[in-house]
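Structure file coords_13.cif (mmCIF, C-alpha atoms) follows.
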data_input
loop_
_atom_site.label_atom_id
_atom_site.label_comp_id
_atom_site.auth_asym_id
_atom_site.auth_seq_id
_atom_site.Cartn_x
_atom_site.Cartn_y
_atom_site.Cartn_z
CA MET A 73 36.04 5.49 47.69
CA THR A 74 34.90 4.72 51.28
CA LEU A 75 32.96 6.77 53.83
CA ASP A 76 34.12 5.18 57.07
CA SER A 77 36.71 7.67 58.28
CA SER A 78 35.85 9.45 61.56
CA ASN A 79 37.69 12.55 60.31
CA GLU A 80 35.24 13.06 57.43
CA VAL A 81 31.87 14.75 57.30
CA VAL A 82 28.80 13.43 55.51
CA ALA A 83 26.31 16.05 54.37
CA ILE A 84 22.66 15.28 53.60
CA LEU A 85 20.91 17.79 51.32
CA TYR A 86 17.16 17.39 51.83
CA ASP A 87 14.56 18.77 49.41
CA ILE A 88 11.82 19.04 52.03
CA GLU A 89 9.27 20.36 49.51
CA ASN A 90 9.52 17.37 47.15
CA ALA A 91 10.59 14.47 49.36
CA PRO A 92 8.35 13.20 52.19
CA PHE A 93 9.33 12.62 55.78
CA GLU A 94 9.60 8.84 55.16
CA MET A 95 12.26 9.41 52.51
CA LEU A 96 14.40 11.43 54.93
CA ASN A 97 13.93 8.79 57.63
CA TYR A 98 15.02 6.11 55.14
CA THR A 99 18.12 8.13 54.19
CA LEU A 100 19.16 8.67 57.79
CA GLY A 101 19.09 4.91 58.21
CA LYS A 102 21.39 4.55 55.17
CA ALA A 103 23.73 7.24 56.49
CA ARG A 104 24.23 5.48 59.83
CA ARG A 105 26.55 2.95 58.21
CA TYR A 106 29.10 5.76 57.69
CA GLN A 107 29.12 6.92 61.31
CA PRO A 108 30.99 7.86 63.49
CA CYS A 109 31.45 10.45 60.74
CA ARG A 110 29.85 13.77 61.55
CA THR A 111 26.54 13.90 59.64
CA ILE A 112 25.00 17.28 58.78
CA VAL A 113 21.40 17.33 57.50
CA VAL A 114 20.66 20.53 55.57
CA SER A 115 17.18 21.89 54.73
CA ASP A 116 14.66 24.61 55.52
CA TRP A 117 13.50 23.14 58.83
CA GLU A 118 11.30 26.12 59.58
CA ALA A 119 9.05 24.95 56.74
CA ARG A 120 8.55 21.49 58.23
CA PRO A 121 5.13 20.53 59.70
CA GLU A 122 4.84 20.83 63.47
CA GLN A 123 4.43 17.16 64.18
CA LYS A 124 5.87 14.94 66.88
CA ARG A 125 7.54 12.60 64.41
CA TRP A 126 9.64 15.49 63.08
CA GLU A 127 10.66 16.51 66.58
CA LYS A 128 11.59 12.91 67.41
CA LEU A 129 13.61 12.58 64.22
CA MET A 130 15.55 15.79 64.86
CA ARG A 131 16.53 14.59 68.34
CA ARG A 132 18.37 11.59 66.96
CA PRO A 133 21.96 11.41 68.25
CA GLY A 134 24.77 11.62 65.74
CA PHE A 135 23.01 14.02 63.35
CA THR A 136 23.30 17.81 63.07
CA PHE A 137 20.31 19.54 61.50
CA ARG A 138 21.39 22.80 59.87
CA GLN A 139 18.85 25.47 58.93
CA ILE A 140 19.35 27.19 55.57
CA SER A 141 18.20 30.68 54.60
CA ARG A 142 16.32 31.46 51.43
CA THR A 143 17.51 34.61 49.67
CA TYR A 144 14.10 35.00 48.03
CA GLN A 145 10.65 33.44 48.18
CA GLY A 146 8.82 31.62 45.44
CA LYS A 147 9.46 28.82 42.99
CA ASN A 148 12.93 27.20 43.18
CA SER A 149 13.82 29.29 46.22
CA LEU A 150 14.57 26.12 48.23
CA ASP A 151 16.65 24.67 45.36
CA SER A 152 18.72 27.83 45.28
CA ALA A 153 19.20 27.84 49.06
CA ILE A 154 20.31 24.18 49.07
CA TYR A 155 22.69 24.95 46.19
CA ASP A 156 24.28 27.77 48.23
CA SER A 157 24.61 25.47 51.26
CA ALA A 158 26.19 22.75 49.10
CA LYS A 159 28.80 25.25 47.85
CA LEU A 160 29.55 26.32 51.42
CA LEU A 161 29.98 22.69 52.59
CA TYR A 162 32.15 21.95 49.56
CA ASP A 163 34.36 24.95 50.35
CA GLU A 164 34.63 23.62 53.92
CA GLY A 165 36.12 20.41 52.53
CA VAL A 166 33.10 18.09 52.61
CA ARG A 167 33.26 15.53 49.82
CA ARG A 168 30.58 13.05 50.89
CA PHE A 169 26.95 13.89 50.10
CA PHE A 170 23.47 12.44 50.14
CA ILE A 171 20.93 14.30 48.01
CA ILE A 172 17.27 13.54 48.72
CA THR A 173 15.02 14.56 45.83
CA THR A 174 13.50 13.47 42.53
CA ASP A 175 13.82 16.96 41.05
CA SER A 176 16.13 16.97 38.01
CA ASP A 177 17.15 20.57 38.81
CA PHE A 178 19.50 19.12 41.43
CA VAL A 179 21.75 17.85 38.63
CA ARG A 180 23.49 21.24 38.66
CA ILE A 181 24.31 20.77 42.36
CA ALA A 182 25.90 17.39 41.61
CA GLU A 183 27.87 18.97 38.77
CA TYR A 184 29.20 21.70 41.06
CA LEU A 185 30.19 19.15 43.74
CA ASN A 186 32.35 17.43 41.09
CA SER A 187 33.69 20.61 39.49
CA ASP A 188 37.12 20.73 41.16
CA THR A 189 37.87 17.81 43.46
CA PRO A 190 35.29 15.06 42.75
CA SER A 191 32.83 14.24 45.50
CA TYR A 192 31.11 10.96 46.30
CA ILE A 193 27.39 11.55 45.89
CA ILE A 194 24.54 9.20 46.78
CA GLY A 195 21.08 10.06 45.47
CA VAL A 196 17.77 9.03 47.02
CA GLY A 197 14.57 9.47 45.02
CA THR A 198 11.49 7.77 43.67
CA LYS A 199 11.46 5.49 40.64
CA GLN A 200 10.24 8.47 38.58
CA ALA A 201 13.70 10.04 38.85
CA SER A 202 15.16 10.76 35.40
CA GLU A 203 18.17 8.94 34.01
CA THR A 204 19.99 12.28 33.88
CA LEU A 205 19.56 12.72 37.63
CA ARG A 206 20.55 9.13 38.41
CA ASN A 207 23.64 9.34 36.22
CA ALA A 208 24.79 12.47 38.05
CA TYR A 209 25.33 10.38 41.20
CA ASP A 210 27.80 7.67 42.15
CA GLU A 211 24.96 5.64 43.71
CA PHE A 212 21.19 5.92 43.59
CA PHE A 213 18.61 4.40 45.95
CA VAL A 214 14.97 4.14 44.94
CA TYR A 215 12.34 4.96 47.54
CA PRO A 216 10.24 3.11 48.51
CA PRO A 217 12.73 0.24 48.54
CA GLU A 218 12.17 -2.45 45.94
CA GLU A 219 13.53 -5.25 48.11
CA LYS A 220 10.16 -7.01 48.30
CA GLU A 221 9.82 -6.88 44.54
CA LYS A 222 13.39 -8.19 44.11
CA LYS A 223 12.70 -11.07 46.49
CA THR A 224 9.55 -11.91 44.54
CA THR A 225 11.53 -11.75 41.30
CA ARG A 226 14.23 -14.05 42.68
CA LYS A 227 11.55 -16.45 43.93
CA THR A 228 9.81 -16.43 40.57
CA LYS A 229 13.14 -17.02 38.81
CA ALA A 230 13.97 -19.92 41.13
CA THR A 231 10.51 -21.39 40.56
CA THR A 232 10.93 -21.06 36.81
CA VAL A 233 14.31 -22.81 36.92
CA LYS A 234 12.83 -25.58 39.04
CA GLU A 235 9.91 -26.03 36.65
CA ASN A 236 12.28 -26.12 33.67
CA ASP A 237 14.44 -28.76 35.37
CA ALA A 238 11.36 -30.87 36.13
CA LYS A 239 10.18 -30.53 32.54
CA GLN A 240 13.58 -31.56 31.17
CA GLU A 241 13.70 -34.55 33.52
CA LYS A 242 10.22 -35.62 32.42
CA THR A 243 11.20 -35.29 28.75
CA ALA A 244 14.35 -37.37 29.34
CA LYS A 245 12.35 -40.12 31.06
CA SER A 246 9.83 -40.18 28.21
CA ALA A 247 12.66 -40.46 25.67
CA VAL A 248 14.21 -43.38 27.58
CA LYS A 249 10.83 -45.10 27.84
CA GLU A 250 10.17 -44.71 24.12
CA SER A 251 13.68 -45.93 23.35
CA LYS A 252 13.13 -49.07 25.43
CA ALA A 253 9.82 -49.73 23.65
CA VAL A 254 11.20 -49.17 20.16
CA LYS A 255 14.43 -51.16 20.64
CA PRO A 256 12.82 -54.68 20.84
CA ALA A 257 10.54 -53.92 17.88
CA LYS A 258 13.48 -52.67 15.85
CA ALA A 259 15.54 -55.74 16.77
CA ALA A 260 12.69 -58.07 15.76
CA LYS A 261 12.28 -56.29 12.45
CA THR A 262 16.04 -56.52 11.78
CA ALA A 263 16.05 -60.25 12.59
CA LYS A 264 13.07 -60.84 10.29
CA VAL A 265 14.79 -59.02 7.41
CA ALA A 266 18.04 -60.95 8.00
CA LYS A 267 16.13 -64.27 8.03
CA LYS A 268 14.39 -63.39 4.78
CA ASP A 269 17.68 -62.39 3.13
CA LYS A 270 19.28 -65.65 4.29
CA ALA A 271 16.40 -67.72 2.87
CA GLU A 272 16.57 -65.89 -0.46
CA ALA A 273 20.33 -66.44 -0.65
CA ALA A 274 19.92 -70.16 0.12
CA GLU A 275 17.20 -70.49 -2.51
CA LYS A 276 19.35 -68.72 -5.09
CA THR A 277 22.31 -71.01 -4.30
CA ALA A 278 20.12 -74.12 -4.58
CA LYS A 279 18.82 -72.99 -7.97
CA SER A 280 22.39 -72.39 -9.20
CA VAL A 281 23.52 -75.83 -8.05
CA LYS A 282 20.49 -77.49 -9.63
CA ALA A 283 21.04 -75.67 -12.93
CA ALA A 284 24.70 -76.69 -13.01
CA LYS A 285 23.82 -80.29 -12.23
CA THR A 286 21.17 -80.38 -14.94
CA ALA A 287 23.63 -78.97 -17.45
CA ARG A 288 26.24 -81.60 -16.58
CA THR A 289 23.68 -84.42 -16.84
CA ALA A 290 22.41 -83.23 -20.20
CA LYS A 291 25.93 -82.96 -21.53
CA SER A 292 26.86 -86.48 -20.41
CA GLN A 293 23.63 -88.14 -21.59
CA SER A 294 23.15 -86.36 -24.90
CA PRO A 295 26.48 -85.55 -26.47
CA VAL A 296 26.30 -83.13 -29.33
CA VAL A 297 28.17 -83.57 -32.62
CA ASN A 298 28.83 -80.28 -34.39
CA LEU A 299 28.80 -80.62 -38.18
CA PRO A 300 30.03 -78.09 -40.70
CA GLU A 301 28.10 -74.85 -41.04
CA GLY A 302 24.79 -75.39 -42.83
CA THR A 303 24.35 -78.91 -41.43
CA LEU A 304 22.23 -80.31 -38.68
CA THR A 305 23.29 -80.90 -35.09
CA VAL A 306 22.71 -84.51 -34.13
CA ASN A 307 22.46 -85.93 -30.57
CA LEU A 308 23.99 -89.45 -30.58
CA PRO A 309 23.38 -92.23 -28.08
CA ARG A 310 26.30 -93.12 -25.87
CA THR A 311 26.99 -96.55 -27.44
CA LEU A 312 26.92 -95.15 -30.98
CA ARG A 313 29.19 -92.33 -29.97
CA GLN A 314 31.67 -94.81 -28.47
CA SER A 315 31.68 -96.78 -31.78
CA LEU A 316 32.24 -93.61 -33.74
CA GLU A 317 35.06 -92.52 -31.46
CA GLU A 318 36.76 -95.95 -31.90
CA ARG A 319 36.47 -95.76 -35.73
CA GLN A 320 37.62 -92.09 -35.64
CA THR A 321 40.78 -93.26 -33.89
CA ALA A 322 41.27 -96.14 -36.32
CA GLU A 323 40.79 -93.96 -39.43
CA GLY A 324 42.75 -91.02 -38.06
CA VAL A 325 40.11 -88.43 -39.02
CA SER A 326 38.03 -85.91 -37.13
CA MET A 327 34.57 -86.68 -35.84
CA ASP A 328 33.00 -84.23 -38.29
CA GLU A 329 34.82 -85.87 -41.20
CA LEU A 330 33.81 -89.35 -40.06
CA VAL A 331 30.15 -88.46 -39.65
CA THR A 332 30.12 -86.70 -43.00
CA TYR A 333 31.61 -89.77 -44.65
CA LEU A 334 29.07 -92.11 -43.13
CA LEU A 335 26.19 -89.87 -44.15
CA MET A 336 27.45 -89.66 -47.71
CA ARG A 337 27.92 -93.41 -47.85
CA GLY A 338 24.43 -93.98 -46.55
CA MET A 339 22.95 -91.64 -49.14
CA ALA A 340 24.84 -93.41 -51.92
CA ARG A 341 23.40 -96.80 -50.93
CA TRP A 342 19.95 -95.26 -50.77
CA VAL A 343 20.37 -94.01 -54.35
CA GLU A 344 21.61 -97.41 -55.58
CA ASP A 345 18.68 -99.16 -54.01
#

Show me the file's structure as structure tokens.
Amino acid sequence: MTLDSSNEVVAILYDIENAPFEMLNYTLGKARRYQPCRTIVVSDWEARPEQKRWEKLMRRPGFTFRQISRTYQGKNSLDSAIYDSAKLLYDEGVRRFFIITTDSDFVRIAEYLNSDTPSYIIGVGTKQASETLRNAYDEFFVYPPEEKEKKTTRKTKATTVKENDAKQEKTAKSAVKESKAVKPAKAAKTAKVAKKDKAEAAEKTAKSVKAAKTARTAKSQSPVVNLPEGTLTVNLPRTLRQSLEERQTAEGVSMDELVTYLLMRGMARWVED
């Protein structure tokens, strides 16, 4: 919903008893963006202080200041008079309103202005305005403006982001530096372990070769003759073994049988002697 048609009227309902001059002046500045709409400012102007700034304000071009009449005096008399004026403007076809107050009693005025054909209502009040009052409007402006505070907040946020980025960059550089320092040490340690493993493997291989060689030498130098179970195992010299093998071939017997025969023969001679 827009407020830029020259055929429409914008009405400003001003609670002069609860909203200071500065708040009205601020609202008139906001309302100028909707001109050349006719702008009617409604309040009890006879109750305003006789000061030059009021007179200057009420001479501003483009604004009509309408006096309202109170039907009775006392508490809430101005609220009631503004309510009656709002109904009259609504019946005249006005559907664009500013309401200047922090008084939650004005919620009923906003409800009436949306009772049949909805109106577009902009509220202006202090930060103490209740959520009920704020929610009754389509827009709500806080007075005094919080632009300075918002700028400070944005600046603080930007500073925080910048600090976080710098911190992350510093952390990344430290990680890279540590990585560069650790990498050579890790490589040296890995090389040392690999060298040790290689030496151990070579030593193990050498021992295996030596053991195999020793076994082969012992087998060739000291042949073993296996006798029947219960007998002794005798290591024979090479020349004697060759003689035995030749006689074994000539007699056509096994080595065990030949050795047994020779031993028995030797024992028999020993007995005879």

Could you spell out the hits of the PyMOL selection byres ((chain A and resi 139-147) around 9) on the shown file, as a short mmCIF file (atom, residue, chain, number, x, y, z; two decimals) with C-alpha atoms, keeping the file's coordinate frame?
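File out-v5.cif, as written:
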data_model
loop_
_atom_site.label_atom_id
_atom_site.label_comp_id
_atom_site.auth_asym_id
_atom_site.auth_seq_id
_atom_site.Cartn_x
_atom_site.Cartn_y
_atom_site.Cartn_z
CA VAL A 113 21.40 17.33 57.50
CA VAL A 114 20.66 20.53 55.57
CA SER A 115 17.18 21.89 54.73
CA ASP A 116 14.66 24.61 55.52
CA TRP A 117 13.50 23.14 58.83
CA GLU A 118 11.30 26.12 59.58
CA PHE A 137 20.31 19.54 61.50
CA ARG A 138 21.39 22.80 59.87
CA ASN A 148 12.93 27.20 43.18
CA SER A 149 13.82 29.29 46.22
CA LEU A 150 14.57 26.12 48.23
CA ASP A 151 16.65 24.67 45.36
CA SER A 152 18.72 27.83 45.28
CA ALA A 153 19.20 27.84 49.06
CA ILE A 154 20.31 24.18 49.07
CA ASP A 156 24.28 27.77 48.23
CA SER A 157 24.61 25.47 51.26
#

For this structure, which residues satisfy the selection - the PyMOL selection byres ((chain A and resi 199-216) around 8) - when it is evaluated on the file as given? I want them as a PDB file with C-alpha atoms, in the frame of the given file.
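Saved result, result_23.pdb, follows:
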ATOM      1  CA  MET A  95      12.260   9.410  52.510  1.00  0.00           C
ATOM      2  CA  THR A 174      13.500  13.470  42.530  1.00  0.00           C
ATOM      3  CA  ASP A 175      13.820  16.960  41.050  1.00  0.00           C
ATOM      4  CA  SER A 176      16.130  16.970  38.010  1.00  0.00           C
ATOM      5  CA  PHE A 178      19.500  19.120  41.430  1.00  0.00           C
ATOM      6  CA  VAL A 179      21.750  17.850  38.630  1.00  0.00           C
ATOM      7  CA  ALA A 182      25.900  17.390  41.610  1.00  0.00           C
ATOM      8  CA  GLU A 183      27.870  18.970  38.770  1.00  0.00           C
ATOM      9  CA  TYR A 192      31.110  10.960  46.300  1.00  0.00           C
ATOM     10  CA  ILE A 193      27.390  11.550  45.890  1.00  0.00           C
ATOM     11  CA  ILE A 194      24.540   9.200  46.780  1.00  0.00           C
ATOM     12  CA  GLY A 195      21.080  10.060  45.470  1.00  0.00           C
ATOM     13  CA  VAL A 196      17.770   9.030  47.020  1.00  0.00           C
ATOM     14  CA  GLY A 197      14.570   9.470  45.020  1.00  0.00           C
ATOM     15  CA  THR A 198      11.490   7.770  43.670  1.00  0.00           C
ATOM     16  CA  PRO A 217      12.730   0.240  48.540  1.00  0.00           C
ATOM     17  CA  GLU A 218      12.170  -2.450  45.940  1.00  0.00           C
TER      18      GLU A 218
END

Checklist entry - In Å, with one decimal, what is the gap from CA of Leu334 in chain A to CA of Glu318 in chain A? => result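 Going from CA of Leu334 in chain A over to CA of Glu318 in chain A, I get 14.1 Å.
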
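Restricting the calculation to only C-alpha atoms, the smallest distance between Pro108 in chain A and any of A:Trp126, A:Tyr86, A:Tyr184, A:Phe135 is found for A:Phe135.
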
Next on the checklist: One number please: CA of Ala83 in chain A to CA of Val166 in chain A, in Å, one decimal.
Outcome noted: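 CA of Ala83 in chain A sits 7.3 Å away from CA of Val166 in chain A.
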
Next on the checklist: Please enumerate the residues selected by the PyMOL selection byres ((chain A and resi 129-134) around 10) when evaluated against the supplied file, formatted as a VMD selection string.
Outcome noted: chain A and resid 93 96 to 97 100 104 107 to 113 117 124 to 128 135 to 137

Checklist entry - Which value, in Å to one decimal, gives the distance between CA of Glu164 in chain A and CA of Pro92 in chain A? => result 28.3 Å

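Distances here use all atoms listed in the file; by that measure, the residue among A:Leu161, A:Leu316, A:Ala278, A:Ala238 closest to Val331 in chain A is A:Leu316.
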